[in-house]
Structures are given as structure tokens and as C-alpha cells.
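Everything below belongs to coords.cif, which stores mmCIF, C-alpha atoms.
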```cif
data_entry
loop_
_atom_site.group_PDB
_atom_site.id
_atom_site.type_symbol
_atom_site.label_atom_id
_atom_site.label_comp_id
_atom_site.auth_asym_id
_atom_site.auth_seq_id
_atom_site.Cartn_x
_atom_site.Cartn_y
_atom_site.Cartn_z
ATOM 1 C CA MET A 1 16.487 4.102 -1.016
ATOM 2 C CA ASN A 2 14.899 0.683 -1.480
ATOM 3 C CA LEU A 3 12.551 -0.169 -4.341
ATOM 4 C CA SER A 4 9.562 -0.892 -2.109
ATOM 5 C CA LYS A 5 9.574 2.510 -0.447
ATOM 6 C CA VAL A 6 10.142 4.175 -3.816
ATOM 7 C CA ALA A 7 7.185 2.269 -5.301
ATOM 8 C CA VAL A 8 4.833 3.318 -2.493
ATOM 9 C CA ILE A 9 5.937 6.964 -2.587
ATOM 10 C CA ALA A 10 5.855 7.095 -6.394
ATOM 11 C CA ASN A 11 2.350 5.645 -6.485
ATOM 12 C CA SER A 12 1.163 8.061 -3.827
ATOM 13 C CA ILE A 13 2.555 11.026 -5.789
ATOM 14 C CA LEU A 14 1.240 9.656 -9.094
ATOM 15 C CA GLY A 15 -2.225 9.295 -7.600
ATOM 16 C CA MET A 16 -2.219 12.890 -6.375
ATOM 17 C CA ILE A 17 -0.969 14.189 -9.741
ATOM 18 C CA LEU A 18 -3.665 12.265 -11.612
ATOM 19 C CA ILE A 19 -6.341 13.621 -9.280
ATOM 20 C CA ILE A 20 -5.207 17.199 -9.830
ATOM 21 C CA VAL A 21 -4.537 16.842 -13.571
ATOM 22 C CA GLY A 22 -7.867 15.097 -14.069
ATOM 23 C CA SER A 23 -10.262 16.979 -11.806
ATOM 24 C CA VAL A 24 -9.458 20.568 -12.779
ATOM 25 C CA PRO A 25 -9.915 20.080 -16.560
ATOM 26 C CA ALA A 26 -12.909 17.796 -15.924
ATOM 27 C CA LEU A 27 -14.681 20.611 -14.108
ATOM 28 C CA ILE A 28 -13.753 23.087 -16.843
ATOM 29 C CA PHE A 29 -15.051 20.776 -19.574
ATOM 30 C CA LEU A 30 -18.201 20.052 -17.559
ATOM 31 C CA PHE A 31 -19.068 23.750 -17.303
ATOM 32 C CA GLY A 32 -18.060 24.299 -20.940
ATOM 33 C CA THR A 33 -20.273 21.440 -22.073
ATOM 34 C CA VAL A 34 -23.233 22.839 -20.139
ATOM 35 C CA ALA A 35 -22.614 26.272 -21.699
ATOM 36 C CA LEU A 36 -22.401 24.775 -25.201
ATOM 37 C CA LEU A 37 -25.627 22.864 -24.642
ATOM 38 C CA ALA A 38 -27.333 26.086 -23.514
ATOM 39 C CA GLU A 39 -26.175 27.788 -26.731
ATOM 40 C CA GLY A 40 -27.455 24.895 -28.823
ATOM 41 C CA ASP A 41 -24.017 23.756 -30.053
ATOM 42 C CA GLY A 42 -24.569 19.980 -30.043
ATOM 43 C CA ALA A 43 -21.270 19.071 -31.759
ATOM 44 C CA GLY A 44 -19.252 21.206 -29.350
ATOM 45 C CA ALA A 45 -21.172 19.739 -26.408
ATOM 46 C CA ILE A 46 -20.371 16.195 -27.561
ATOM 47 C CA ALA A 47 -16.667 17.050 -27.829
ATOM 48 C CA GLY A 48 -16.789 18.745 -24.429
ATOM 49 C CA PHE A 49 -18.485 15.710 -22.902
ATOM 50 C CA LEU A 50 -15.832 13.425 -24.426
ATOM 51 C CA PHE A 51 -13.037 15.466 -22.823
ATOM 52 C CA PHE A 52 -14.989 15.591 -19.558
ATOM 53 C CA ALA A 53 -15.213 11.777 -19.609
ATOM 54 C CA ILE A 54 -11.476 11.388 -20.296
ATOM 55 C CA PHE A 55 -10.442 13.711 -17.470
ATOM 56 C CA THR A 56 -12.968 12.123 -15.110
ATOM 57 C CA TRP A 57 -11.422 8.724 -15.886
ATOM 58 C CA ILE A 58 -7.942 10.141 -15.092
ATOM 59 C CA THR A 59 -9.280 11.471 -11.771
ATOM 60 C CA ILE A 60 -10.823 8.099 -10.900
ATOM 61 C CA LYS A 61 -7.514 6.336 -11.667
ATOM 62 C CA GLY A 62 -5.716 8.744 -9.325
ATOM 63 C CA ILE A 63 -8.241 8.071 -6.565
ATOM 64 C CA GLN A 64 -7.835 4.309 -7.064
ATOM 65 C CA ILE A 65 -4.049 4.561 -6.785
ATOM 66 C CA ARG A 66 -4.262 6.657 -3.597
ATOM 67 C CA ARG A 67 -6.723 4.152 -2.089
ATOM 68 C CA ARG A 68 -4.368 1.266 -2.943
ATOM 69 C CA VAL A 69 -1.543 3.012 -1.059
ATOM 70 C CA LYS A 70 -3.878 3.537 1.907
ATOM 71 C CA ARG A 71 -4.899 -0.159 1.850
ATOM 72 C CA PHE A 72 -1.212 -1.139 1.664
ATOM 73 C CA ARG A 73 -0.523 0.750 4.871
ATOM 74 C CA ARG A 74 -3.555 -0.913 6.505
ATOM 75 C CA TYR A 75 -2.393 -4.366 5.388
ATOM 76 C CA VAL A 76 1.125 -3.728 6.712
ATOM 77 C CA SER A 77 -0.375 -2.649 10.014
ATOM 78 C CA LEU A 78 -2.422 -5.855 10.284
ATOM 79 C CA ILE A 79 0.462 -8.067 9.211
ATOM 80 C CA SER A 80 3.138 -6.469 11.391
ATOM 81 C CA GLU A 81 1.238 -5.413 14.502
ATOM 82 C CA GLN A 82 -1.292 -8.228 14.722
ATOM 83 C CA ASN A 83 0.822 -10.983 13.103
ATOM 84 C CA MET A 84 -1.974 -11.616 10.630
ATOM 85 C CA SER A 85 -0.975 -13.376 7.426
ATOM 86 C CA SER A 86 -4.177 -15.231 6.633
ATOM 87 C CA ILE A 87 -5.891 -13.559 3.716
ATOM 88 C CA ASP A 88 -9.239 -14.675 5.146
ATOM 89 C CA HIS A 89 -8.483 -12.914 8.463
ATOM 90 C CA ILE A 90 -7.240 -9.789 6.679
ATOM 91 C CA ALA A 91 -10.401 -9.773 4.537
ATOM 92 C CA ALA A 92 -12.650 -10.135 7.569
ATOM 93 C CA THR A 93 -10.830 -7.327 9.397
ATOM 94 C CA THR A 94 -10.996 -4.952 6.426
ATOM 95 C CA ASN A 95 -14.590 -5.872 5.473
ATOM 96 C CA GLN A 96 -13.526 -6.998 2.011
ATOM 97 C CA SER A 97 -13.885 -10.331 0.253
ATOM 98 C CA ALA A 98 -10.953 -12.733 0.456
ATOM 99 C CA ASP A 99 -10.771 -12.704 -3.341
ATOM 100 C CA PHE A 100 -10.469 -8.881 -3.380
ATOM 101 C CA VAL A 101 -7.727 -8.911 -0.715
ATOM 102 C CA ARG A 102 -5.816 -11.703 -2.491
ATOM 103 C CA LYS A 103 -5.911 -9.830 -5.825
ATOM 104 C CA ASP A 104 -5.107 -6.540 -4.088
ATOM 105 C CA LEU A 105 -2.096 -8.018 -2.285
ATOM 106 C CA GLN A 106 -0.896 -9.671 -5.509
ATOM 107 C CA THR A 107 -1.169 -6.320 -7.326
ATOM 108 C CA MET A 108 0.853 -4.693 -4.538
ATOM 109 C CA ILE A 109 3.469 -7.446 -4.742
ATOM 110 C CA ASN A 110 3.648 -7.026 -8.538
ATOM 111 C CA LYS A 111 4.018 -3.253 -8.141
ATOM 112 C CA ARG A 112 6.836 -3.905 -5.618
ATOM 113 C CA PHE A 113 5.033 -2.408 -2.613
ATOM 114 C CA PHE A 114 6.139 -5.430 -0.564
ATOM 115 C CA LYS A 115 9.732 -6.631 -0.369
ATOM 116 C CA ASN A 116 10.278 -10.416 -0.637
ATOM 117 C CA ALA A 117 6.589 -11.339 -0.481
ATOM 118 C CA PHE A 118 4.388 -13.895 -2.182
ATOM 119 C CA ILE A 119 0.980 -15.443 -1.690
ATOM 120 C CA ASN A 120 0.860 -19.084 -0.691
ATOM 121 C CA LYS A 121 -2.193 -20.314 -2.585
ATOM 122 C CA THR A 122 -2.296 -23.570 -0.629
ATOM 123 C CA THR A 123 -2.619 -21.954 2.804
ATOM 124 C CA ASN A 124 -4.114 -18.663 1.514
ATOM 125 C CA ASP A 125 -1.483 -16.664 3.419
ATOM 126 C CA ILE A 126 0.762 -13.791 2.466
ATOM 127 C CA ILE A 127 4.361 -14.789 3.077
ATOM 128 C CA ILE A 128 6.841 -12.001 3.730
ATOM 129 C CA GLY A 129 10.537 -12.696 3.972
ATOM 130 C CA GLY A 130 10.011 -16.441 3.768
ATOM 131 C CA GLN A 131 7.751 -16.956 6.767
ATOM 132 C CA ALA A 132 4.088 -16.397 7.485
ATOM 133 C CA ALA A 133 2.962 -14.016 10.184
ATOM 134 C CA SER A 134 0.024 -16.236 10.967
ATOM 135 C CA MET A 135 -2.018 -15.603 14.080
ATOM 136 C CA THR A 136 -1.509 -19.225 15.026
ATOM 137 C CA SER A 137 2.224 -19.148 14.425
ATOM 138 C CA THR A 138 4.466 -19.608 17.425
ATOM 139 C CA ASN A 139 7.308 -17.735 15.723
ATOM 140 C CA PRO A 140 6.833 -13.984 15.436
ATOM 141 C CA VAL A 141 7.519 -12.293 12.112
ATOM 142 C CA HIS A 142 10.283 -10.151 13.563
ATOM 143 C CA THR A 143 12.925 -11.978 15.493
ATOM 144 C CA ILE A 144 15.660 -10.384 17.509
ATOM 145 C CA PRO A 145 19.123 -11.724 16.709
ATOM 146 C CA PRO A 146 20.638 -13.918 19.423
ATOM 147 C CA ILE A 147 22.580 -11.981 22.023
ATOM 148 C CA SER A 148 26.055 -13.155 22.863
ATOM 149 C CA SER A 149 27.640 -12.672 26.260
ATOM 150 C CA GLN A 150 29.770 -9.914 24.740
ATOM 151 C CA ASN A 151 26.656 -7.906 23.844
ATOM 152 C CA VAL A 152 25.016 -7.958 27.266
ATOM 153 C CA ALA A 153 25.140 -4.149 27.394
ATOM 154 C CA GLN A 154 22.947 -4.041 24.278
ATOM 155 C CA THR A 155 20.182 -6.307 25.571
ATOM 156 C CA THR A 156 17.660 -3.490 25.733
ATOM 157 C CA THR A 157 15.096 -3.716 22.966
ATOM 158 C CA GLU A 158 12.768 -1.118 21.574
ATOM 159 C CA VAL A 159 9.614 -1.150 19.491
ATOM 160 C CA VAL A 160 9.967 1.016 16.398
ATOM 161 C CA ASN A 161 7.760 1.892 13.447
ATOM 162 C CA CYS A 162 9.056 1.847 9.895
ATOM 163 C CA SER A 163 9.029 5.276 8.286
ATOM 164 C CA GLY A 164 8.486 3.673 4.888
ATOM 165 C CA CYS A 165 5.383 1.570 5.465
ATOM 166 C CA GLY A 166 4.419 1.985 9.121
ATOM 167 C CA ALA A 167 5.161 -1.598 10.160
ATOM 168 C CA SER A 168 5.918 -2.134 13.821
ATOM 169 C CA THR A 169 8.889 -4.242 14.898
ATOM 170 C CA THR A 170 11.182 -4.914 17.830
ATOM 171 C CA LYS A 171 14.925 -4.380 17.521
ATOM 172 C CA LEU A 172 17.959 -4.009 19.731
ATOM 173 C CA LYS A 173 18.621 -0.409 20.767
ATOM 174 C CA GLY A 174 21.528 1.125 18.897
ATOM 175 C CA THR A 175 21.291 -1.267 15.957
ATOM 176 C CA GLU A 176 19.976 -0.835 12.449
ATOM 177 C CA TYR A 177 17.226 -3.042 11.072
ATOM 178 C CA SER A 178 15.950 -3.538 7.547
ATOM 179 C CA CYS A 179 12.132 -3.565 7.482
ATOM 180 C CA GLU A 180 10.906 -7.009 6.555
ATOM 181 C CA TYR A 181 7.936 -5.567 4.682
ATOM 182 C CA CYS A 182 9.332 -2.740 2.581
ATOM 183 C CA GLY A 183 13.101 -2.948 3.158
ATOM 184 C CA SER A 184 13.505 0.553 4.609
ATOM 185 C CA LEU A 185 16.374 1.039 7.031
ATOM 186 C CA ILE A 186 15.200 1.520 10.614
ATOM 187 C CA LYS A 187 17.722 3.105 12.965
#
```

Encoded form using C-alpha cells:
Amino acid sequence: MNLSKVAVIANSILGMILIIVGSVPALIFLFGTVALLAEGDGAGAIAGFLFFAIFTWITIKGIQIRRRVKRFRRYVSLISEQNMSSIDHIAATTNQSADFVRKDLQTMINKRFFKNAFINKTTNDIIIGGQAASMTSTNPVHTIPPISSQNVAQTTTEVVNCSGCGASTTKLKGTEYSCEYCGSLIK
């Protein structure tokens, strides 16, 4: 299994674990704190509130991680299906600021959500696999290998979606393809 797919799955699972591990005790400490306040135990209520705050913070971190995974899938969809590599276009489509999207994409690259990706600060594009998927580009992100005269029987192509990140690509039927975005094997 490739590192990109592992990173996305691991973050998704981590986010869910943090939500569960944080929210259940947070609720318990919230009700306990209220009960201690009703009894007049100020010191116990302060301790209860402190634990409530800690577990609430854990829950919020889990929610943030899950949202990052969801945004990753949205970005992959925009990049692969709409050939959008301009951070400004991605930001406009997702109703976020370009600065937020740039930082978000860089975080995802650092956390290995994307395979072979970097941000070109000069053009303000995300570059995946060495070439931009710009809307103005004449070369599509996914190219089909040249077909020789010996492979005429395999000239039928198909559009497939990556099971790892959801990216859409075109490949020759009967061949395997490594996803340009996350590196998952597409059969």
C-alpha cells in the first residue's frame, strides 16, 4: 500500500478516534462539573472544567483532521476532474481564501496526502507529478501511453476513479495505472 493512501486513511481513522475519545469524556466532565457546582464544590468544579476543556480540545482536533481529509478529497476532485491546478481557482470554487488553500495544500503535501506534489509559488499552482493541471493547459494531467500497432486490440480506454483518493483518470482497458495524486494502483 502506498504512503499517500496510508496517510489519508490513518488521518481519517485518527480523526474519528479523537472525536470519540474526546467527546464522551468531555460530556461526562461537563455534567460532573455542573453537579459539583450545584453542590458548592468550587475546587472540584475547577478541576472538572479543566478536564472538560482538555477533552473538548481533543474533540476539536479530531474534527479538524476529519475536515482536512474531506477537503483533500474535494481538492483531488477539482484537480483531477476539472484539471484545476491554480490555487486561486481552487480557492474561488471552494469559497476559501487563496492563502488558506495554499497553506492547506502545503499541510497535505507535508503530511504525505499527495504523492509527488509541490506548490509553485511563482505561478501559484499545485504541481502533481511534475506538471500542472491548469485549466489553460493544453496537456491533460493524465496521459494515455502511446499505442503501438501491436496493441491495436487494446485501444479501448475507460474512465476510472481511484479508490484511494477519488481522482478520475483515463486508462487503457486491461492495464494497471498508478494514481498520479495518491499513488494507489488502479486496475

Exercise for the section: Pull out every residue that the PyMOL selection byres ((chain A and resi 6-20) around 6) matches in the shown coordinates and put them as a PyMOL selection string. Expected result: chain A and resi 3-5+21-23+58-59+62+65-66+113

Return as lines of an AutoDock Vina configuration file the box centre and box size in Å, one decimal, for an axis-aligned box around all listed atoms of stretch 15-31 of chain A padded by 5 Å per side.
```
center_x = -10.0
center_y = 16.5
center_z = -13.0
size_x = 28.1
size_y = 24.5
size_z = 23.2
```

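For the choices A:Leu27, A:Val34, A:Val101, A:Ile186, the atom-to-atom distance to A:Asp88 is smallest for A:Val101 when using all atoms listed in the file.
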
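The space separating atom CA of A:Lys171 from atom CA of A:Lys115 comes to 18.8 Å.
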
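One finds atom CA of A:Thr94 at 17.9 Å from atom CA of A:Ile119.
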
Fill in the blank from the handout: From atom CA of A:Arg67 to atom CA of A:Ile127 the spacing works out at 22.5 Å

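With distances restricted to all atoms listed in the file, A:Val69 is the closest residue to A:Asp104 from A:Val24, A:Val69, A:Thr122, A:Gly129.
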
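Residues matching the PyMOL selection byres ((chain A and resi 169) around 6) in this structure come to Val159, Val160, Ser168 and Thr170 of chain A.
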